[in-house]
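**Student:** Take a look at this one; I'll ask things after.
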Amino acid sequence: MNTPALETERLILRKFTEQDMEALFLILHDEEVNKFLPWYPVKSMEETRRFYEEKYASEYARPQAYAYAICLKEDTYPIGYIKVDMEEHHDFGYGLRREFWHQGIVTEAGKAVIEQVKKDGLPYITATHDRNNPRSGGVMQNVGMKYQYSYEEQWQPKNVLVTFRLYQLNLDGKESRMYKKFWDHSAVHFIEPNL
């Protein structure tokens with residue numbers, strides 16, 4: 001059950017392994033790729049290994065985990081990552097090397113992961129994106145997620161004020177459910193029309 005490998009038309013989604021440090025470094029050190037992510041770009045292989053231990057190896061030790069390397073079928077070399085957290089918000093997140101942007105890769109990977117978590121009984125997933133990064137919202141819409149609300153957060157560790165948009169996809173048929181924790185915790189929250 002723990003992080004089953006998934007296959008799509010173009011992709012293999014699998015666990016990151018110790019052998020993937022170079023690939024992970026290429027994803028994590030690019031400033032543009034990591035601009036809207038909750039960490040700073042890594043500067044060394046040592047930082048990459050630490051990131052792997054914290055974000056992947058520890059997840060894979062859990063009974064249920066969805067933290068995948070996105071690999072093209074032809075070489076199974078990781079070019080990005082995609083995940084759904086097992087915490088209450090079931091946050092759906094992703095990152096992709098810049099040279100693979102705008103090819104529908106994250107949408108293709110996302111649909112496969114969502115199908116898997118639905119099959120495994122997750123009731124819903126959420127995702128947030130910085131309002132200044134609307135393309136990420138496009139991915140959320142492409143995989144079937146719906147905009148719920150926007151909220152401000154003093155974002156750490158970068159310590160910048162960000163307006164996030166929260167998207168949600170209910171997988172169990174309870175269409176009226178809305179994950180409200182970010183709304184409740186943010187003094188500034190609102191619904192943007194026409195999203």
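In the structure tokens, the first chain shown is A, the next is B, and so on; residue numbers restart at 1 for each chain, and ligands run from 1 in the order shown.
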Name the residues of range 72-131 of chain A that fall into alpha helix (DSSP H) according to DSSP on the backbone, using the chain letters and numbers of this document, as a PDB file with N, CA, C and O atoms, in the first residue's frame.
**Tutor:**
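Okay, this is what ended up in part-v4.pdb:
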```pdb
ATOM      1  N   ILE A 105       2.755  17.718 -18.093  1.00  0.00           N
ATOM      2  CA  ILE A 105       3.317  16.604 -17.320  1.00  0.00           C
ATOM      3  C   ILE A 105       2.731  16.538 -15.919  1.00  0.00           C
ATOM      4  O   ILE A 105       2.334  15.464 -15.447  1.00  0.00           O
ATOM      5  N   VAL A 106       2.652  17.679 -15.220  1.00  0.00           N
ATOM      6  CA  VAL A 106       2.132  17.657 -13.850  1.00  0.00           C
ATOM      7  C   VAL A 106       0.645  17.312 -13.849  1.00  0.00           C
ATOM      8  O   VAL A 106       0.170  16.572 -12.983  1.00  0.00           O
ATOM      9  N   THR A 107      -0.097  17.794 -14.838  1.00  0.00           N
ATOM     10  CA  THR A 107      -1.521  17.434 -14.932  1.00  0.00           C
ATOM     11  C   THR A 107      -1.673  15.928 -15.120  1.00  0.00           C
ATOM     12  O   THR A 107      -2.492  15.283 -14.449  1.00  0.00           O
ATOM     13  N   GLU A 108      -0.873  15.357 -15.993  1.00  0.00           N
ATOM     14  CA  GLU A 108      -0.933  13.907 -16.244  1.00  0.00           C
ATOM     15  C   GLU A 108      -0.584  13.122 -14.972  1.00  0.00           C
ATOM     16  O   GLU A 108      -1.277  12.177 -14.602  1.00  0.00           O
ATOM     17  N   ALA A 109       0.483  13.546 -14.298  1.00  0.00           N
ATOM     18  CA  ALA A 109       0.886  12.885 -13.048  1.00  0.00           C
ATOM     19  C   ALA A 109      -0.181  13.077 -11.976  1.00  0.00           C
ATOM     20  O   ALA A 109      -0.536  12.136 -11.249  1.00  0.00           O
ATOM     21  N   GLY A 110      -0.719  14.300 -11.898  1.00  0.00           N
ATOM     22  CA  GLY A 110      -1.714  14.624 -10.869  1.00  0.00           C
ATOM     23  C   GLY A 110      -2.962  13.776 -10.984  1.00  0.00           C
ATOM     24  O   GLY A 110      -3.493  13.288  -9.987  1.00  0.00           O
ATOM     25  N   LYS A 111      -3.434  13.574 -12.195  1.00  0.00           N
ATOM     26  CA  LYS A 111      -4.646  12.757 -12.385  1.00  0.00           C
ATOM     27  C   LYS A 111      -4.415  11.329 -11.896  1.00  0.00           C
ATOM     28  O   LYS A 111      -5.298  10.722 -11.286  1.00  0.00           O
ATOM     29  N   ALA A 112      -3.222  10.790 -12.145  1.00  0.00           N
ATOM     30  CA  ALA A 112      -2.915   9.427 -11.703  1.00  0.00           C
ATOM     31  C   ALA A 112      -2.854   9.330 -10.179  1.00  0.00           C
ATOM     32  O   ALA A 112      -3.379   8.391  -9.577  1.00  0.00           O
ATOM     33  N   VAL A 113      -2.209  10.320  -9.546  1.00  0.00           N
ATOM     34  CA  VAL A 113      -2.104  10.309  -8.087  1.00  0.00           C
ATOM     35  C   VAL A 113      -3.490  10.465  -7.454  1.00  0.00           C
ATOM     36  O   VAL A 113      -3.833   9.769  -6.490  1.00  0.00           O
ATOM     37  N   ILE A 114      -4.302  11.370  -8.006  1.00  0.00           N
ATOM     38  CA  ILE A 114      -5.644  11.592  -7.463  1.00  0.00           C
ATOM     39  C   ILE A 114      -6.491  10.324  -7.598  1.00  0.00           C
ATOM     40  O   ILE A 114      -7.218   9.944  -6.671  1.00  0.00           O
ATOM     41  N   GLU A 115      -6.375   9.652  -8.716  1.00  0.00           N
ATOM     42  CA  GLU A 115      -7.098   8.383  -8.899  1.00  0.00           C
ATOM     43  C   GLU A 115      -6.690   7.379  -7.820  1.00  0.00           C
ATOM     44  O   GLU A 115      -7.534   6.678  -7.255  1.00  0.00           O
ATOM     45  N   GLN A 116      -5.402   7.323  -7.516  1.00  0.00           N
ATOM     46  CA  GLN A 116      -4.897   6.389  -6.503  1.00  0.00           C
ATOM     47  C   GLN A 116      -5.411   6.741  -5.108  1.00  0.00           C
ATOM     48  O   GLN A 116      -5.880   5.873  -4.374  1.00  0.00           O
ATOM     49  N   VAL A 117      -5.333   8.022  -4.713  1.00  0.00           N
ATOM     50  CA  VAL A 117      -5.774   8.383  -3.357  1.00  0.00           C
ATOM     51  C   VAL A 117      -7.287   8.212  -3.214  1.00  0.00           C
ATOM     52  O   VAL A 117      -7.772   7.849  -2.144  1.00  0.00           O
ATOM     53  N   LYS A 118      -8.016   8.438  -4.293  1.00  0.00           N
ATOM     54  CA  LYS A 118      -9.465   8.210  -4.261  1.00  0.00           C
ATOM     55  C   LYS A 118      -9.754   6.722  -4.049  1.00  0.00           C
ATOM     56  O   LYS A 118     -10.578   6.348  -3.214  1.00  0.00           O
ATOM     57  N   LYS A 119      -9.055   5.879  -4.794  1.00  0.00           N
ATOM     58  CA  LYS A 119      -9.209   4.432  -4.671  1.00  0.00           C
ATOM     59  C   LYS A 119      -8.885   3.968  -3.245  1.00  0.00           C
ATOM     60  O   LYS A 119      -9.518   3.071  -2.714  1.00  0.00           O
TER      61      LYS A 119
END
```
**Student:** At a cut-off of 10 Å, using only C-alpha atoms, what residues contact Ser136 in chain A? Leave out same-chain residues fewer than 2 positions from it and give the result as a PyMOL selection string.
**Tutor:** chain A and resi 36+93-95+106+127-134+138-142
**Student:** Once you have the residues from the selection above, write them out as a PDB file, in the first residue's frame, restricted to N, CA, C and O atoms.
**Tutor:**
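File produced: again.pdb:
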```pdb
ATOM      1  N   PHE A  36       8.054  29.722  -5.619  1.00  0.00           N
ATOM      2  CA  PHE A  36       6.769  29.742  -4.910  1.00  0.00           C
ATOM      3  C   PHE A  36       6.614  28.549  -3.961  1.00  0.00           C
ATOM      4  O   PHE A  36       5.505  28.187  -3.603  1.00  0.00           O
ATOM      5  N   GLY A  93       0.700  18.738  -3.823  1.00  0.00           N
ATOM      6  CA  GLY A  93       1.754  19.656  -4.224  1.00  0.00           C
ATOM      7  C   GLY A  93       2.648  19.037  -5.286  1.00  0.00           C
ATOM      8  O   GLY A  93       2.656  17.815  -5.476  1.00  0.00           O
ATOM      9  N   TYR A  94       3.417  19.896  -5.972  1.00  0.00           N
ATOM     10  CA  TYR A  94       4.215  19.412  -7.093  1.00  0.00           C
ATOM     11  C   TYR A  94       5.299  20.416  -7.436  1.00  0.00           C
ATOM     12  O   TYR A  94       5.231  21.589  -7.074  1.00  0.00           O
ATOM     13  N   GLY A  95       6.310  19.934  -8.138  1.00  0.00           N
ATOM     14  CA  GLY A  95       7.375  20.776  -8.666  1.00  0.00           C
ATOM     15  C   GLY A  95       7.973  20.065  -9.870  1.00  0.00           C
ATOM     16  O   GLY A  95       7.981  18.834  -9.924  1.00  0.00           O
ATOM     17  N   VAL A 106       2.652  17.679 -15.220  1.00  0.00           N
ATOM     18  CA  VAL A 106       2.132  17.657 -13.850  1.00  0.00           C
ATOM     19  C   VAL A 106       0.645  17.312 -13.849  1.00  0.00           C
ATOM     20  O   VAL A 106       0.170  16.572 -12.983  1.00  0.00           O
ATOM     21  N   ALA A 127      -5.214  22.118  -2.236  1.00  0.00           N
ATOM     22  CA  ALA A 127      -3.948  22.636  -2.751  1.00  0.00           C
ATOM     23  C   ALA A 127      -4.020  24.155  -2.681  1.00  0.00           C
ATOM     24  O   ALA A 127      -5.105  24.737  -2.789  1.00  0.00           O
ATOM     25  N   THR A 128      -2.872  24.779  -2.481  1.00  0.00           N
ATOM     26  CA  THR A 128      -2.832  26.239  -2.466  1.00  0.00           C
ATOM     27  C   THR A 128      -1.761  26.721  -3.434  1.00  0.00           C
ATOM     28  O   THR A 128      -0.766  26.043  -3.659  1.00  0.00           O
ATOM     29  N   HIS A 129      -2.011  27.885  -3.989  1.00  0.00           N
ATOM     30  CA  HIS A 129      -0.966  28.523  -4.794  1.00  0.00           C
ATOM     31  C   HIS A 129      -0.953  30.014  -4.529  1.00  0.00           C
ATOM     32  O   HIS A 129      -1.975  30.628  -4.202  1.00  0.00           O
ATOM     33  N   ASP A 130       0.225  30.589  -4.646  1.00  0.00           N
ATOM     34  CA  ASP A 130       0.414  32.029  -4.533  1.00  0.00           C
ATOM     35  C   ASP A 130      -0.341  32.690  -5.686  1.00  0.00           C
ATOM     36  O   ASP A 130      -0.264  32.235  -6.834  1.00  0.00           O
ATOM     37  N   ARG A 131      -1.075  33.733  -5.375  1.00  0.00           N
ATOM     38  CA  ARG A 131      -1.843  34.435  -6.410  1.00  0.00           C
ATOM     39  C   ARG A 131      -0.947  34.917  -7.554  1.00  0.00           C
ATOM     40  O   ARG A 131      -1.389  35.069  -8.684  1.00  0.00           O
ATOM     41  N   ASN A 132       0.334  35.143  -7.258  1.00  0.00           N
ATOM     42  CA  ASN A 132       1.282  35.580  -8.291  1.00  0.00           C
ATOM     43  C   ASN A 132       1.787  34.422  -9.158  1.00  0.00           C
ATOM     44  O   ASN A 132       2.634  34.629 -10.023  1.00  0.00           O
ATOM     45  N   ASN A 133       1.294  33.236  -8.908  1.00  0.00           N
ATOM     46  CA  ASN A 133       1.704  32.054  -9.673  1.00  0.00           C
ATOM     47  C   ASN A 133       0.447  31.364 -10.241  1.00  0.00           C
ATOM     48  O   ASN A 133       0.133  30.230  -9.896  1.00  0.00           O
ATOM     49  N   PRO A 134      -0.283  32.061 -11.142  1.00  0.00           N
ATOM     50  CA  PRO A 134      -1.564  31.536 -11.606  1.00  0.00           C
ATOM     51  C   PRO A 134      -1.456  30.234 -12.397  1.00  0.00           C
ATOM     52  O   PRO A 134      -2.417  29.466 -12.452  1.00  0.00           O
ATOM     53  N   GLY A 138      -3.812  26.801 -12.635  1.00  0.00           N
ATOM     54  CA  GLY A 138      -4.250  26.120 -13.860  1.00  0.00           C
ATOM     55  C   GLY A 138      -4.110  24.618 -13.749  1.00  0.00           C
ATOM     56  O   GLY A 138      -4.987  23.862 -14.174  1.00  0.00           O
ATOM     57  N   VAL A 139      -3.006  24.158 -13.149  1.00  0.00           N
ATOM     58  CA  VAL A 139      -2.822  22.711 -12.927  1.00  0.00           C
ATOM     59  C   VAL A 139      -3.935  22.188 -12.020  1.00  0.00           C
ATOM     60  O   VAL A 139      -4.544  21.150 -12.286  1.00  0.00           O
ATOM     61  N   MET A 140      -4.220  22.918 -10.947  1.00  0.00           N
ATOM     62  CA  MET A 140      -5.269  22.495 -10.005  1.00  0.00           C
ATOM     63  C   MET A 140      -6.609  22.357 -10.724  1.00  0.00           C
ATOM     64  O   MET A 140      -7.337  21.380 -10.523  1.00  0.00           O
ATOM     65  N   GLN A 141      -6.927  23.324 -11.585  1.00  0.00           N
ATOM     66  CA  GLN A 141      -8.178  23.243 -12.349  1.00  0.00           C
ATOM     67  C   GLN A 141      -8.152  22.069 -13.325  1.00  0.00           C
ATOM     68  O   GLN A 141      -9.148  21.357 -13.475  1.00  0.00           O
ATOM     69  N   ASN A 142      -7.005  21.842 -13.956  1.00  0.00           N
ATOM     70  CA  ASN A 142      -6.895  20.762 -14.946  1.00  0.00           C
ATOM     71  C   ASN A 142      -7.104  19.379 -14.347  1.00  0.00           C
ATOM     72  O   ASN A 142      -7.509  18.459 -15.055  1.00  0.00           O
TER      73      ASN A 142
END
```
**Student:** With distances taken over only C-alpha atoms, which residue among A:Tyr124, A:Phe182, A:Tyr147, A:Phe100 lies nearest Pro78 in chain A?
**Tutor:**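 Using only C-alpha atoms, Pro78 in chain A sits closest to A:Phe100.
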**Student:** Just want the 10 Å neighbourhood of Ile125 in chain A, counted on only C-alpha atoms, with same-chain residues fewer than 4 positions away dropped. Output as a ChimeraX atom specification.
**Tutor:** /A:84-86,88-92,114,117-118,145,167-171,179
**Student:** Name the residues in contact with range 10-22 of chain A at a cut-off of 8 Å, using only C-alpha atoms, excluding same-chain residues fewer than 6 positions from it; report them as a list of chain:residue names.
**Tutor:**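 Neighbouring residues, sequence-local ones excluded: A:Thr3, A:Pro4, A:Met45, A:Thr48, A:Arg49, A:Tyr52, A:Tyr56, A:Ala67, A:Tyr68, A:Ala69, A:Ile70, A:Cys71, A:Leu72, A:Lys73, A:Thr76, A:Tyr77, A:Pro78, A:Ala109.
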**Student:** Keeping only N, CA, C and O atoms, take the residues you just selected and write them out as a JSON list (two decimals), in the first residue's frame.
**Tutor:**
```json
[["chain", "number", "residue", "atom", "x", "y", "z"],
["A", 3, "THR", "N", 2.97, 4.00, -0.98],
["A", 3, "THR", "CA", 3.47, 4.64, -2.20],
["A", 3, "THR", "C", 3.57, 3.66, -3.37],
["A", 3, "THR", "O", 4.66, 3.35, -3.84],
["A", 4, "PRO", "N", 2.42, 3.16, -3.84],
["A", 4, "PRO", "CA", 2.47, 2.26, -4.99],
["A", 4, "PRO", "C", 2.94, 3.01, -6.24],
["A", 4, "PRO", "O", 2.55, 4.15, -6.46],
["A", 45, "MET", "N", 24.84, 18.98, -2.44],
["A", 45, "MET", "CA", 24.33, 17.61, -2.38],
["A", 45, "MET", "C", 23.98, 17.23, -0.94],
["A", 45, "MET", "O", 23.04, 16.48, -0.71],
["A", 48, "THR", "N", 20.61, 18.50, -0.31],
["A", 48, "THR", "CA", 19.67, 17.66, -1.07],
["A", 48, "THR", "C", 19.39, 16.36, -0.32],
["A", 48, "THR", "O", 18.24, 15.94, -0.19],
["A", 49, "ARG", "N", 20.46, 15.74, 0.20],
["A", 49, "ARG", "CA", 20.30, 14.49, 0.95],
["A", 49, "ARG", "C", 19.45, 14.72, 2.20],
["A", 49, "ARG", "O", 18.59, 13.91, 2.54],
["A", 52, "TYR", "N", 15.89, 14.99, 1.15],
["A", 52, "TYR", "CA", 15.40, 13.64, 0.85],
["A", 52, "TYR", "C", 15.02, 12.90, 2.15],
["A", 52, "TYR", "O", 13.95, 12.30, 2.24],
["A", 56, "TYR", "N", 11.13, 12.66, 2.10],
["A", 56, "TYR", "CA", 10.80, 11.42, 1.39],
["A", 56, "TYR", "C", 11.03, 10.18, 2.24],
["A", 56, "TYR", "O", 10.09, 9.43, 2.49],
["A", 67, "ALA", "N", 4.21, 10.24, -2.13],
["A", 67, "ALA", "CA", 5.29, 11.19, -2.40],
["A", 67, "ALA", "C", 6.12, 10.60, -3.54],
["A", 67, "ALA", "O", 6.89, 9.67, -3.33],
["A", 68, "TYR", "N", 5.91, 11.12, -4.73],
["A", 68, "TYR", "CA", 6.43, 10.48, -5.94],
["A", 68, "TYR", "C", 7.48, 11.31, -6.65],
["A", 68, "TYR", "O", 7.39, 12.53, -6.71],
["A", 69, "ALA", "N", 8.42, 10.60, -7.26],
["A", 69, "ALA", "CA", 9.29, 11.18, -8.28],
["A", 69, "ALA", "C", 8.53, 11.07, -9.60],
["A", 69, "ALA", "O", 7.97, 10.02, -9.92],
["A", 70, "ILE", "N", 8.47, 12.17, -10.35],
["A", 70, "ILE", "CA", 7.88, 12.15, -11.70],
["A", 70, "ILE", "C", 9.01, 11.82, -12.67],
["A", 70, "ILE", "O", 9.99, 12.56, -12.76],
["A", 71, "CYS", "N", 8.88, 10.70, -13.38],
["A", 71, "CYS", "CA", 9.93, 10.26, -14.31],
["A", 71, "CYS", "C", 9.32, 10.03, -15.69],
["A", 71, "CYS", "O", 8.21, 9.50, -15.81],
["A", 72, "LEU", "N", 10.06, 10.41, -16.73],
["A", 72, "LEU", "CA", 9.65, 10.05, -18.08],
["A", 72, "LEU", "C", 9.92, 8.56, -18.27],
["A", 72, "LEU", "O", 10.92, 8.04, -17.77],
["A", 73, "LYS", "N", 9.04, 7.89, -18.99],
["A", 73, "LYS", "CA", 9.17, 6.44, -19.16],
["A", 73, "LYS", "C", 10.49, 6.04, -19.79],
["A", 73, "LYS", "O", 11.05, 5.00, -19.44],
["A", 76, "THR", "N", 13.29, 6.80, -16.75],
["A", 76, "THR", "CA", 12.90, 6.78, -15.33],
["A", 76, "THR", "C", 13.77, 7.69, -14.44],
["A", 76, "THR", "O", 13.94, 7.45, -13.26],
["A", 77, "TYR", "N", 14.33, 8.77, -15.04],
["A", 77, "TYR", "CA", 15.13, 9.75, -14.29],
["A", 77, "TYR", "C", 14.19, 10.83, -13.77],
["A", 77, "TYR", "O", 13.44, 11.43, -14.56],
["A", 78, "PRO", "N", 14.17, 11.11, -12.47],
["A", 78, "PRO", "CA", 13.23, 12.08, -11.93],
["A", 78, "PRO", "C", 13.42, 13.49, -12.50],
["A", 78, "PRO", "O", 14.53, 14.02, -12.51],
["A", 109, "ALA", "N", 0.48, 13.55, -14.30],
["A", 109, "ALA", "CA", 0.89, 12.89, -13.05],
["A", 109, "ALA", "C", -0.18, 13.08, -11.98],
["A", 109, "ALA", "O", -0.54, 12.14, -11.25]]
```
